[in-house]
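Engineer: Here you go, structure.csv (CSV, C-alpha atoms):
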```
chain,number,residue,atom,x,y,z
A,24,MET,CA,0.0,0.0,0.0
A,25,ALA,CA,1.3,3.4,-0.8
A,26,SER,CA,1.7,6.1,1.8
A,27,GLY,CA,-1.0,8.7,2.4
A,28,ASP,CA,-4.6,7.9,2.7
A,29,SER,CA,-4.7,5.1,0.1
A,30,VAL,CA,-6.7,2.0,1.1
A,31,GLU,CA,-5.3,-1.4,0.7
A,32,GLU,CA,-7.7,-3.9,-0.8
A,33,ILE,CA,-7.9,-6.8,1.7
A,34,ALA,CA,-10.5,-9.5,2.4
A,35,LEU,CA,-11.4,-8.0,5.8
A,36,LEU,CA,-12.6,-4.8,4.1
A,37,ALA,CA,-14.5,-6.4,1.3
A,38,PRO,CA,-18.3,-6.0,1.1
A,39,TYR,CA,-20.5,-8.9,2.2
A,40,LYS,CA,-24.2,-9.6,1.9
A,41,MET,CA,-25.7,-10.9,5.1
A,42,GLY,CA,-29.2,-12.1,4.2
A,43,LYS,CA,-31.0,-8.9,3.1
A,44,LEU,CA,-28.4,-6.7,4.7
A,45,GLN,CA,-25.5,-5.3,2.6
A,46,LEU,CA,-22.3,-4.9,4.7
A,47,SER,CA,-19.6,-2.7,3.3
A,48,HIS,CA,-16.8,-4.5,5.3
A,49,ARG,CA,-16.3,-7.6,7.5
A,50,VAL,CA,-15.3,-5.7,10.7
A,51,VAL,CA,-17.9,-6.2,13.4
A,52,LEU,CA,-18.2,-4.5,16.9
A,53,ALA,CA,-18.3,-7.5,19.3
A,54,PRO,CA,-20.8,-7.4,22.2
A,55,LEU,CA,-19.0,-5.9,25.2
A,56,THR,CA,-20.2,-5.4,28.7
A,57,ARG,CA,-19.2,-1.8,29.7
A,58,CYS,CA,-21.3,-1.2,32.8
A,59,ARG,CA,-22.4,2.4,31.9
A,60,ALA,CA,-26.2,2.0,32.1
A,61,LEU,CA,-27.2,3.5,35.4
A,62,ASN,CA,-30.6,2.1,36.6
A,63,GLY,CA,-30.5,-0.3,33.7
A,64,LEU,CA,-31.2,2.4,31.1
A,65,PRO,CA,-29.1,3.2,28.1
A,66,ASN,CA,-28.3,7.0,28.1
A,67,HIS,CA,-26.6,9.7,26.1
A,68,ALA,CA,-23.2,8.1,26.6
A,69,HIS,CA,-24.5,4.9,24.9
A,70,VAL,CA,-25.8,7.0,22.0
A,71,GLU,CA,-22.3,8.6,21.6
A,72,TYR,CA,-20.4,5.3,22.1
A,73,TYR,CA,-22.3,3.3,19.5
A,74,SER,CA,-22.6,6.1,17.0
A,75,GLN,CA,-18.8,6.7,17.3
A,76,ARG,CA,-18.2,3.1,16.2
A,77,ALA,CA,-20.8,3.2,13.4
A,78,THR,CA,-19.7,3.2,9.8
A,79,PRO,CA,-21.9,3.0,6.6
A,80,GLY,CA,-22.7,-0.7,6.1
A,81,GLY,CA,-20.9,-1.7,9.3
A,82,LEU,CA,-22.4,-4.2,11.8
A,83,LEU,CA,-22.5,-3.4,15.5
A,84,ILE,CA,-23.6,-5.9,18.2
A,85,THR,CA,-24.6,-4.3,21.5
A,86,GLU,CA,-23.4,-5.3,25.0
A,87,GLY,CA,-25.4,-8.1,26.6
A,88,THR,CA,-28.8,-6.7,27.4
A,89,HIS,CA,-31.0,-8.1,30.1
A,90,ILE,CA,-34.2,-9.9,29.1
A,91,SER,CA,-35.9,-9.7,32.5
A,92,SER,CA,-35.5,-8.6,36.1
A,93,THR,CA,-33.8,-11.9,36.9
A,94,ALA,CA,-31.3,-11.7,34.1
A,95,GLY,CA,-28.6,-9.6,35.8
A,96,GLY,CA,-25.3,-10.4,37.4
A,97,PHE,CA,-23.2,-7.3,36.7
A,98,PRO,CA,-23.7,-3.6,37.8
A,99,ASN,CA,-25.1,-1.0,35.5
A,100,VAL,CA,-26.1,-3.2,32.6
A,101,PRO,CA,-29.0,-2.2,30.3
A,102,GLY,CA,-32.2,-4.1,29.8
A,103,ILE,CA,-34.8,-4.3,27.1
A,104,TYR,CA,-37.8,-5.7,29.0
A,105,THR,CA,-39.5,-2.4,30.1
A,106,GLU,CA,-41.1,0.2,27.9
A,107,GLU,CA,-38.7,2.9,29.4
A,108,GLN,CA,-35.8,0.7,28.3
A,109,VAL,CA,-37.2,0.3,24.8
A,110,GLN,CA,-37.7,4.0,24.4
A,111,ALA,CA,-34.1,4.7,25.6
A,112,TRP,CA,-32.6,2.2,23.1
A,113,LYS,CA,-34.5,4.0,20.3
A,114,LYS,CA,-32.1,7.0,20.7
A,115,VAL,CA,-29.2,4.6,20.2
A,116,THR,CA,-30.6,2.8,17.1
A,117,GLU,CA,-31.6,6.1,15.5
A,118,ALA,CA,-28.1,7.5,16.0
A,119,VAL,CA,-26.5,4.4,14.5
A,120,HIS,CA,-28.8,4.3,11.6
A,121,ALA,CA,-28.1,8.0,10.9
A,122,LYS,CA,-24.5,6.9,10.2
A,123,GLY,CA,-25.7,4.2,7.8
A,124,ALA,CA,-24.8,1.3,10.1
A,125,ILE,CA,-26.6,-1.9,11.2
A,126,ILE,CA,-27.1,-2.8,14.8
A,127,PHE,CA,-28.2,-6.0,16.6
A,128,CYS,CA,-29.1,-6.3,20.3
A,129,GLN,CA,-27.6,-9.1,22.2
A,130,LEU,CA,-30.2,-10.7,24.5
A,131,TRP,CA,-28.7,-11.9,27.7
A,132,HIS,CA,-29.6,-13.8,30.8
A,133,VAL,CA,-26.7,-14.7,33.1
A,134,GLY,CA,-28.5,-17.5,34.9
A,135,ARG,CA,-26.4,-18.8,37.9
A,136,ALA,CA,-23.7,-16.2,37.2
A,137,SER,CA,-25.5,-13.8,39.4
A,138,HIS,CA,-26.2,-13.1,43.1
A,139,PRO,CA,-29.3,-12.5,45.3
A,140,ALA,CA,-28.2,-8.8,45.3
A,141,TYR,CA,-29.3,-8.6,41.7
A,142,GLN,CA,-32.5,-10.7,42.1
A,143,PRO,CA,-36.0,-9.5,42.8
A,144,GLY,CA,-36.7,-9.9,46.5
A,145,GLY,CA,-33.1,-11.3,47.1
A,146,ALA,CA,-34.1,-14.7,45.6
A,147,ALA,CA,-31.5,-17.2,44.4
A,148,PRO,CA,-30.5,-16.9,40.7
A,149,ILE,CA,-31.8,-19.4,38.3
A,150,SER,CA,-30.1,-22.1,36.2
A,151,SER,CA,-30.2,-25.6,34.7
A,152,THR,CA,-28.8,-26.8,38.0
A,153,ASN,CA,-28.5,-26.0,41.7
A,154,LYS,CA,-24.7,-26.2,41.6
A,155,PRO,CA,-23.0,-22.8,42.1
A,156,ILE,CA,-20.0,-21.6,40.1
A,157,SER,CA,-16.8,-22.5,41.9
A,158,SER,CA,-14.8,-20.1,44.1
A,159,LYS,CA,-12.3,-19.8,41.2
A,160,TRP,CA,-14.7,-17.2,39.8
A,161,LYS,CA,-16.1,-14.2,41.6
A,162,VAL,CA,-19.3,-12.2,41.2
A,163,ILE,CA,-19.0,-8.4,41.1
A,164,LEU,CA,-21.7,-6.9,43.4
A,165,PRO,CA,-23.6,-3.7,42.7
A,166,ASP,CA,-21.2,-1.8,45.1
A,167,GLY,CA,-18.2,-3.0,43.1
A,168,THR,CA,-16.9,-5.6,45.7
A,169,GLU,CA,-16.4,-9.2,44.8
A,170,THR,CA,-17.7,-12.3,46.5
A,171,ASP,CA,-18.3,-16.0,45.8
A,172,TYR,CA,-21.3,-17.3,43.8
A,173,LEU,CA,-24.1,-18.9,45.8
A,174,PRO,CA,-26.2,-21.9,44.8
A,175,PRO,CA,-28.8,-21.2,42.1
A,176,LYS,CA,-32.3,-22.5,41.9
A,177,SER,CA,-32.8,-25.2,39.2
A,178,LEU,CA,-35.6,-24.3,36.8
A,179,SER,CA,-38.7,-26.3,36.6
A,180,THR,CA,-40.0,-27.3,33.1
A,181,SER,CA,-42.8,-24.8,33.3
A,182,GLU,CA,-40.3,-22.0,34.3
A,183,ILE,CA,-38.1,-22.9,31.3
A,184,LEU,CA,-41.1,-22.5,29.0
A,185,GLU,CA,-41.9,-19.1,30.6
A,186,LEU,CA,-38.3,-18.1,29.8
A,187,VAL,CA,-38.8,-19.1,26.2
A,188,GLU,CA,-41.7,-16.6,26.0
A,189,ILE,CA,-39.6,-13.9,27.7
A,190,TYR,CA,-36.9,-14.3,25.0
A,191,LYS,CA,-39.6,-14.0,22.4
A,192,GLN,CA,-41.1,-10.9,23.9
A,193,THR,CA,-37.7,-9.1,24.4
A,194,ALA,CA,-36.9,-9.9,20.8
A,195,LEU,CA,-40.1,-8.1,19.8
A,196,ASN,CA,-39.1,-5.2,22.1
A,197,ALA,CA,-35.7,-5.0,20.4
A,198,ILE,CA,-37.3,-4.7,17.0
A,199,ARG,CA,-39.7,-2.0,18.3
A,200,ALA,CA,-36.6,-0.2,19.6
A,201,GLY,CA,-35.3,0.0,16.1
A,202,PHE,CA,-32.7,-2.8,16.2
A,203,ASP,CA,-32.1,-4.6,12.9
A,204,GLY,CA,-32.0,-8.0,14.7
A,205,VAL,CA,-31.1,-9.8,17.9
A,206,GLU,CA,-28.2,-12.0,18.9
A,207,LEU,CA,-29.1,-14.7,21.5
A,208,HIS,CA,-26.2,-15.0,24.0
A,209,GLY,CA,-25.7,-18.8,24.2
A,210,ALA,CA,-22.1,-18.5,25.2
A,211,HIS,CA,-19.6,-18.0,28.1
A,212,GLY,CA,-21.3,-19.9,30.9
A,213,TYR,CA,-24.5,-17.9,31.0
A,214,LEU,CA,-28.0,-19.2,31.1
A,215,LEU,CA,-28.4,-20.9,27.7
A,216,ASP,CA,-24.8,-22.3,28.0
A,217,GLN,CA,-25.6,-23.7,31.4
A,218,PHE,CA,-28.0,-26.0,29.7
A,219,LEU,CA,-25.6,-26.9,26.8
A,220,LYS,CA,-22.5,-27.8,28.9
A,221,ASP,CA,-22.4,-31.2,30.5
A,222,SER,CA,-20.2,-30.0,33.4
A,223,ILE,CA,-23.1,-27.8,34.5
A,224,ASN,CA,-26.3,-29.4,33.3
A,225,ASP,CA,-27.0,-32.3,35.7
A,226,ARG,CA,-30.7,-32.6,34.9
A,227,THR,CA,-32.4,-36.0,34.4
A,228,ASP,CA,-35.5,-34.7,32.6
A,229,GLU,CA,-35.9,-33.8,28.9
A,230,TYR,CA,-33.5,-30.9,29.2
A,231,GLY,CA,-30.5,-32.9,30.5
A,232,GLY,CA,-28.2,-35.8,29.5
A,233,SER,CA,-27.8,-36.2,25.8
A,234,ILE,CA,-26.8,-33.4,23.4
A,235,GLU,CA,-30.3,-33.5,22.0
A,236,ASN,CA,-31.8,-32.8,25.4
A,237,ARG,CA,-29.1,-30.2,26.3
A,238,CYS,CA,-29.9,-28.3,23.1
A,239,ARG,CA,-33.6,-28.4,23.7
A,240,PHE,CA,-34.0,-25.1,25.6
A,241,LEU,CA,-31.7,-23.3,23.1
A,242,MET,CA,-33.7,-24.5,20.1
A,243,GLN,CA,-37.0,-23.7,21.8
A,244,VAL,CA,-35.7,-20.1,22.2
A,245,VAL,CA,-34.4,-20.0,18.6
A,246,ASN,CA,-37.7,-21.2,17.3
A,247,ALA,CA,-39.8,-18.8,19.4
A,248,VAL,CA,-37.6,-15.8,18.5
A,249,VAL,CA,-37.6,-16.6,14.8
A,250,SER,CA,-41.4,-17.1,14.9
A,251,ALA,CA,-41.7,-13.6,16.3
A,252,VAL,CA,-39.2,-11.5,14.4
A,253,GLY,CA,-38.0,-13.7,11.5
A,254,ALA,CA,-34.9,-15.8,10.8
A,255,GLU,CA,-33.0,-12.9,9.1
A,256,LYS,CA,-33.3,-10.9,12.3
A,257,THR,CA,-32.2,-13.7,14.6
A,258,ALA,CA,-28.6,-14.7,15.4
A,259,LEU,CA,-26.9,-16.9,17.9
A,260,ARG,CA,-23.6,-16.8,19.8
A,261,ILE,CA,-22.0,-20.0,21.2
A,262,SER,CA,-18.7,-21.0,22.8
A,263,PRO,CA,-18.4,-24.8,22.9
A,264,ALA,CA,-14.7,-24.7,23.9
A,265,ILE,CA,-14.7,-21.8,26.4
A,266,ASP,CA,-14.5,-22.7,30.1
A,267,PHE,CA,-15.4,-19.3,31.5
A,268,ASN,CA,-17.6,-19.5,34.6
A,269,ASP,CA,-16.9,-23.3,34.9
A,270,ALA,CA,-18.7,-23.8,31.5
A,271,MET,CA,-16.7,-26.9,30.4
A,272,ASP,CA,-17.9,-29.7,28.2
A,273,SER,CA,-16.4,-33.2,28.0
A,274,ASP,CA,-16.6,-33.1,24.2
A,275,PRO,CA,-16.9,-29.5,23.0
A,276,LEU,CA,-16.5,-30.4,19.3
A,277,SER,CA,-19.4,-32.9,19.4
A,278,LEU,CA,-21.5,-30.3,21.3
A,279,GLY,CA,-20.7,-27.6,18.8
A,280,LEU,CA,-21.4,-29.8,15.8
A,281,GLY,CA,-24.6,-30.9,17.6
A,282,ILE,CA,-25.8,-27.3,17.8
A,283,VAL,CA,-24.8,-26.6,14.2
A,284,GLU,CA,-26.6,-29.7,13.0
A,285,ARG,CA,-29.8,-28.6,14.7
A,286,LEU,CA,-29.5,-25.1,13.4
A,287,ASN,CA,-29.0,-26.4,9.8
A,288,LYS,CA,-32.0,-28.7,10.2
A,289,PHE,CA,-34.1,-25.9,11.6
A,290,GLN,CA,-33.1,-23.5,8.7
A,291,GLY,CA,-33.9,-26.2,6.2
A,292,ALA,CA,-37.3,-26.8,7.7
A,293,ILE,CA,-38.3,-23.1,7.6
A,294,GLY,CA,-36.6,-22.3,4.3
A,295,ALA,CA,-34.7,-19.4,5.7
A,296,LYS,CA,-31.3,-18.8,7.3
A,297,LEU,CA,-30.5,-17.1,10.6
A,298,ALA,CA,-28.7,-13.8,10.3
A,299,TYR,CA,-25.5,-15.4,11.5
A,300,LEU,CA,-23.8,-17.9,13.9
A,301,HIS,CA,-21.2,-16.2,16.1
A,302,VAL,CA,-18.6,-18.5,17.7
A,303,THR,CA,-16.0,-17.4,20.2
A,304,GLN,CA,-12.6,-18.7,19.6
A,305,PRO,CA,-10.5,-19.5,22.7
A,306,ARG,CA,-7.9,-16.8,23.2
A,307,LEU,CA,-6.5,-17.2,26.7
A,308,HIS,CA,-8.3,-20.1,28.2
A,309,GLY,CA,-7.4,-22.6,25.5
A,310,ALA,CA,-9.7,-25.3,24.1
A,311,VAL,CA,-11.2,-28.0,26.2
A,312,GLY,CA,-11.1,-31.4,24.7
A,313,LYS,CA,-10.2,-32.4,21.2
A,314,GLY,CA,-7.8,-30.2,19.2
A,315,ASP,CA,-7.0,-26.6,19.7
A,316,GLY,CA,-9.6,-23.9,19.7
A,317,SER,CA,-9.0,-22.5,16.2
A,318,GLU,CA,-9.4,-25.9,14.6
A,319,LEU,CA,-12.7,-26.5,16.5
A,320,VAL,CA,-14.0,-23.2,15.2
A,321,ARG,CA,-13.0,-24.2,11.6
A,322,GLU,CA,-14.9,-27.4,11.9
A,323,LEU,CA,-18.0,-25.5,13.0
A,324,ARG,CA,-17.5,-23.1,10.1
A,325,ARG,CA,-17.3,-25.9,7.6
A,326,ALA,CA,-20.4,-27.5,9.0
A,327,TYR,CA,-22.7,-24.4,9.4
A,328,GLN,CA,-24.8,-23.5,6.5
A,329,GLY,CA,-25.0,-19.7,6.8
A,330,THR,CA,-23.1,-16.5,7.7
A,331,PHE,CA,-20.3,-17.3,10.3
A,332,ILE,CA,-18.8,-14.7,12.7
A,333,THR,CA,-15.9,-15.5,14.9
A,334,SER,CA,-14.2,-13.5,17.6
A,335,GLY,CA,-11.3,-13.9,20.1
A,336,GLY,CA,-8.3,-11.7,20.1
A,337,PHE,CA,-8.0,-11.0,16.3
A,338,THR,CA,-5.7,-8.4,14.9
A,339,ARG,CA,-6.0,-6.7,11.5
A,340,ASP,CA,-3.7,-9.3,10.0
A,341,SER,CA,-5.1,-12.4,11.7
A,342,GLY,CA,-8.7,-11.3,11.0
A,343,ASN,CA,-7.9,-10.7,7.4
A,344,GLU,CA,-6.2,-14.1,7.1
A,345,ALA,CA,-9.3,-15.8,8.7
A,346,VAL,CA,-11.6,-14.2,6.1
A,347,ALA,CA,-9.2,-14.8,3.2
A,348,GLN,CA,-8.9,-18.4,4.1
A,349,GLY,CA,-12.6,-18.9,4.4
A,350,ASP,CA,-12.5,-19.5,8.2
A,351,ALA,CA,-15.1,-16.8,8.8
A,352,ASP,CA,-17.3,-14.4,6.9
A,353,LEU,CA,-17.0,-11.7,9.5
A,354,ILE,CA,-14.7,-10.9,12.4
A,355,ALA,CA,-15.9,-9.4,15.6
A,356,TYR,CA,-13.5,-7.1,17.5
A,357,GLY,CA,-13.8,-6.3,21.1
A,358,ARG,CA,-10.9,-4.6,23.0
A,359,LEU,CA,-9.5,-3.0,19.8
A,360,PHE,CA,-12.9,-1.4,19.1
A,361,ILE,CA,-13.1,-0.1,22.7
A,362,SER,CA,-9.9,2.0,22.3
A,363,ASN,CA,-10.3,2.8,18.6
A,364,PRO,CA,-13.8,4.1,17.7
A,365,ASP,CA,-12.6,4.5,14.2
A,366,LEU,CA,-11.1,1.0,14.0
A,367,VAL,CA,-12.4,0.4,10.4
A,368,LYS,CA,-10.7,3.5,9.1
A,369,ARG,CA,-7.5,2.6,10.9
A,370,PHE,CA,-7.6,-0.9,9.4
A,371,LYS,CA,-8.2,0.6,6.0
A,372,LEU,CA,-5.1,2.8,6.3
A,373,ASN,CA,-3.1,0.3,8.3
A,374,ALA,CA,-2.7,3.1,10.8
A,375,PRO,CA,-1.4,2.7,14.4
A,376,LEU,CA,-4.0,1.8,17.1
A,377,ASN,CA,-4.7,3.4,20.4
A,378,GLU,CA,-3.9,1.1,23.3
A,379,TYR,CA,-6.8,0.2,25.6
A,380,ASN,CA,-6.9,0.7,29.3
A,381,ARG,CA,-8.3,-2.4,31.1
A,382,ASP,CA,-8.9,-0.3,34.3
A,383,THR,CA,-11.7,1.6,32.6
A,384,PHE,CA,-13.4,-1.4,30.9
A,385,TYR,CA,-16.2,-1.7,33.5
A,386,THR,CA,-16.2,1.6,35.4
A,387,PRO,CA,-19.5,3.6,35.4
A,388,ASP,CA,-17.9,6.9,34.1
A,389,PRO,CA,-19.9,7.9,31.0
A,390,VAL,CA,-16.8,9.5,29.3
A,391,VAL,CA,-13.5,8.2,30.7
A,392,GLY,CA,-12.5,5.0,28.9
A,393,TYR,CA,-15.8,4.9,27.1
A,394,THR,CA,-16.2,7.8,24.6
A,395,ASP,CA,-12.9,9.7,25.1
A,396,TYR,CA,-10.6,7.5,23.0
A,397,PRO,CA,-9.1,9.7,20.2
A,398,PHE,CA,-10.0,9.4,16.6
A,399,LEU,CA,-7.3,9.2,13.9
A,400,SER,CA,-6.0,12.7,13.1
A,401,HIS,CA,-7.0,13.9,9.7
A,402,GLU,CA,-3.7,15.8,9.5
A,403,HIS,CA,-1.5,12.8,9.4
A,404,SER,CA,-1.0,10.0,6.9
A,405,TYR,CA,0.4,6.6,7.6
A,406,SER,CA,2.6,4.2,5.7
A,407,ALA,CA,2.1,0.5,5.1
A,408,ALA,CA,4.8,-0.1,7.7
A,409,ALA,CA,2.6,1.3,10.5
A,410,ALA,CA,2.1,-1.6,12.8
A,411,ALA,CA,-1.1,-2.4,14.8
A,412,VAL,CA,-0.9,-2.9,18.5
A,413,PRO,CA,-1.4,-6.6,19.1
A,414,SER,CA,-4.8,-7.6,20.5
```
Let me see the file written as structure tokens.

Structural biologist:
Amino acid sequence: MASGDSVEEIALLAPYKMGKLQLSHRVVLAPLTRCRALNGLPNHAHVEYYSQRATPGGLLITEGTHISSTAGGFPNVPGIYTEEQVQAWKKVTEAVHAKGAIIFCQLWHVGRASHPAYQPGGAAPISSTNKPISSKWKVILPDGTETDYLPPKSLSTSEILELVEIYKQTALNAIRAGFDGVELHGAHGYLLDQFLKDSINDRTDEYGGSIENRCRFLMQVVNAVVSAVGAEKTALRISPAIDFNDAMDSDPLSLGLGIVERLNKFQGAIGAKLAYLHVTQPRLHGAVGKGDGSELVRELRRAYQGTFITSGGFTRDSGNEAVAQGDADLIAYGRLFISNPDLVKRFKLNAPLNEYNRDTFYTPDPVVGYTDYPFLSHEHSYSAAAAAVPS
């Protein structure tokens, strides 16, 4: 690439058609918990944060967004289950759409990764099991202190079906709020993943035991949400090989392929594809079970019949390589997008990146570490030798 503002033509920056949505590049804002929603409401800071990262034809995925009053386990996380929350999110989606971007809302229930401090009436959190997360992991309380997780309440069959309806209703809420679609958070040891992983799910009913049974709740949610908002507005995130929050599986590849098999069959039955499948690639934790994490993700990519997003510590070069080699259609970036609101432009110019500050990832300040990272100076040009800060 020549010096100046010329743009190198790379696979990561090529356009892509995702169902009916035309993307101008393959760089996606990953869902990132940022803890800036005081009283569970998105505010002016969210409007600025998301619009800063919006580009014409770019895809943004919001932070995990609570589907009910029982869904929380972190301080200052937004919800989308009340009318006030829906109206607050409208300001965000309007600002993003004004920039020509596309935005999906990640629907989140943390399940047992919570504490009575977050639950109505101080009740126990809910899960597939009554086993708590081990003391290896800590829950952050509303006052910012940390403590051990407590035993959750194992959901009854009727309560599971009630949650399916809650997912459906919040998906409808998201569309009313102006979102282009929803991503179901089925990863990282949260509620849906607590049914999928055999180290957590110890049920003996139709929701436990075999992969078929452990996928049942997930597929019921997928079915309900698709019936409400359409397949092209429904996406799913999974992490078969991530052990976060004790979410280990004895055979993550078989689990991942089992999920993909059911998604493919479902898509065939309805004659439509989901918006995308988003799979987290192990970055620091490593893979659990057969093979390394990247190979497991490749196998899922080869098996899934639809748009495939992956995330997990990618740089400009490694993300471009993944797209060029066919390992993914789109690459979701987290920490690099936190510190570089104009990440897409920097990737286009191969410009240096701002370093991120971990200390401000989850602080409630509406500006510091949230909307105050600098944009690329228009007065400077960068050569092809400019190196990106490693992710």

Engineer: Rank A:Glu185, A:Ser92, A:Tyr104, A:Val50 by their smallest atom-to-atom distance to A:Phe370, using all atoms listed in the file, and report the top residue only.

Structural biologist: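 The shortest atom-to-atom distance to A:Phe370 comes from A:Val50.
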
Engineer: Enter the distance from atom CA of A:His211 to atom CA of A:Gln304, in Å, rounded to one decimal.

Structural biologist: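 These atoms are spaced 11.0 Å apart.
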
Engineer: Grab the atom CA of A:Lys43 to atom CA of A:Leu55 distance for me, in Å with one decimal place.

Structural biologist: 25.3 Å

Engineer: Find the residues with any atom within 10 Å of (-7.1, -13.3, 16.6); use only C-alpha atoms and the coordinates as given in the file, and write the answer as a VMD selection string.

Structural biologist: chain A and resid 304 to 306 317 333 to 345 354 to 356 413 to 414

Engineer: May I have the residues within 8 Å of A:Ile126 as a PyMOL selection string, using all atoms listed in the file and disregarding those fewer than 4 positions away in the same chain?

Structural biologist: chain A and resi 82-85+116+119-120+202-204

Engineer: Of the residues A:Ser47, A:Thr330, A:Asn196, A:Ser262, which is the one nearest to A:Asn287, using all atoms listed in the file?

Structural biologist: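 So, comparing all the options, the nearest one is A:Thr330.
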
Engineer: Of the residues A:Tyr299, A:Tyr39, A:Tyr172, A:Phe331, which is the one nearest to A:Glu206, using only C-alpha atoms?

Structural biologist: A:Tyr299

Engineer: Between A:Asn62, A:Leu319, A:Ser137, A:Phe127, which residue has the minimum interatomic distance to A:Gly95, considering all atoms listed in the file?

Structural biologist: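 Checking each candidate against A:Gly95, we get A:Ser137 as the closest.
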
Engineer: What is the distance, in Å and to one decimal place, between atom CA of A:Ala210 and atom CA of A:Glu106?

Structural biologist: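 Atom CA of A:Ala210 sits 26.8 Å away from atom CA of A:Glu106.
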
Engineer: Counting all atoms listed in the file, which residue out of A:Ile103, A:Ala146, A:Val162, A:Ala77 sits closest to A:Lys122?

Structural biologist: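 Comparing A:Ile103, A:Ala146, A:Val162, A:Ala77 against A:Lys122, the winner is A:Ala77.
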
Engineer: Set the distance at 8 Å and use only C-alpha atoms: which residues neighbour A:Phe218 once local chain neighbours fewer than 2 positions away are removed? I'd like the list as a list of chain:residue names.

Structural biologist: A:Ser150, A:Ser151, A:Leu214, A:Leu215, A:Asp216, A:Lys220, A:Asp221, A:Ile223, A:Asn224, A:Tyr230, A:Gly231, A:Arg237, A:Cys238, A:Phe240

Engineer: Store the residues picked out above in a file with C-alpha atoms, as a compact mmCIF listing (two decimals), in the frame of the given file.

Structural biologist:
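Below you can see again-v1.txt, which holds the result:
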```txt
# COMPACT_ATOMS: atom_id res chain seq x y z
CA SER A 150 -30.10 -22.10 36.20
CA SER A 151 -30.20 -25.60 34.70
CA LEU A 214 -28.00 -19.20 31.10
CA LEU A 215 -28.40 -20.90 27.70
CA ASP A 216 -24.80 -22.30 28.00
CA LYS A 220 -22.50 -27.80 28.90
CA ASP A 221 -22.40 -31.20 30.50
CA ILE A 223 -23.10 -27.80 34.50
CA ASN A 224 -26.30 -29.40 33.30
CA TYR A 230 -33.50 -30.90 29.20
CA GLY A 231 -30.50 -32.90 30.50
CA ARG A 237 -29.10 -30.20 26.30
CA CYS A 238 -29.90 -28.30 23.10
CA PHE A 240 -34.00 -25.10 25.60
```
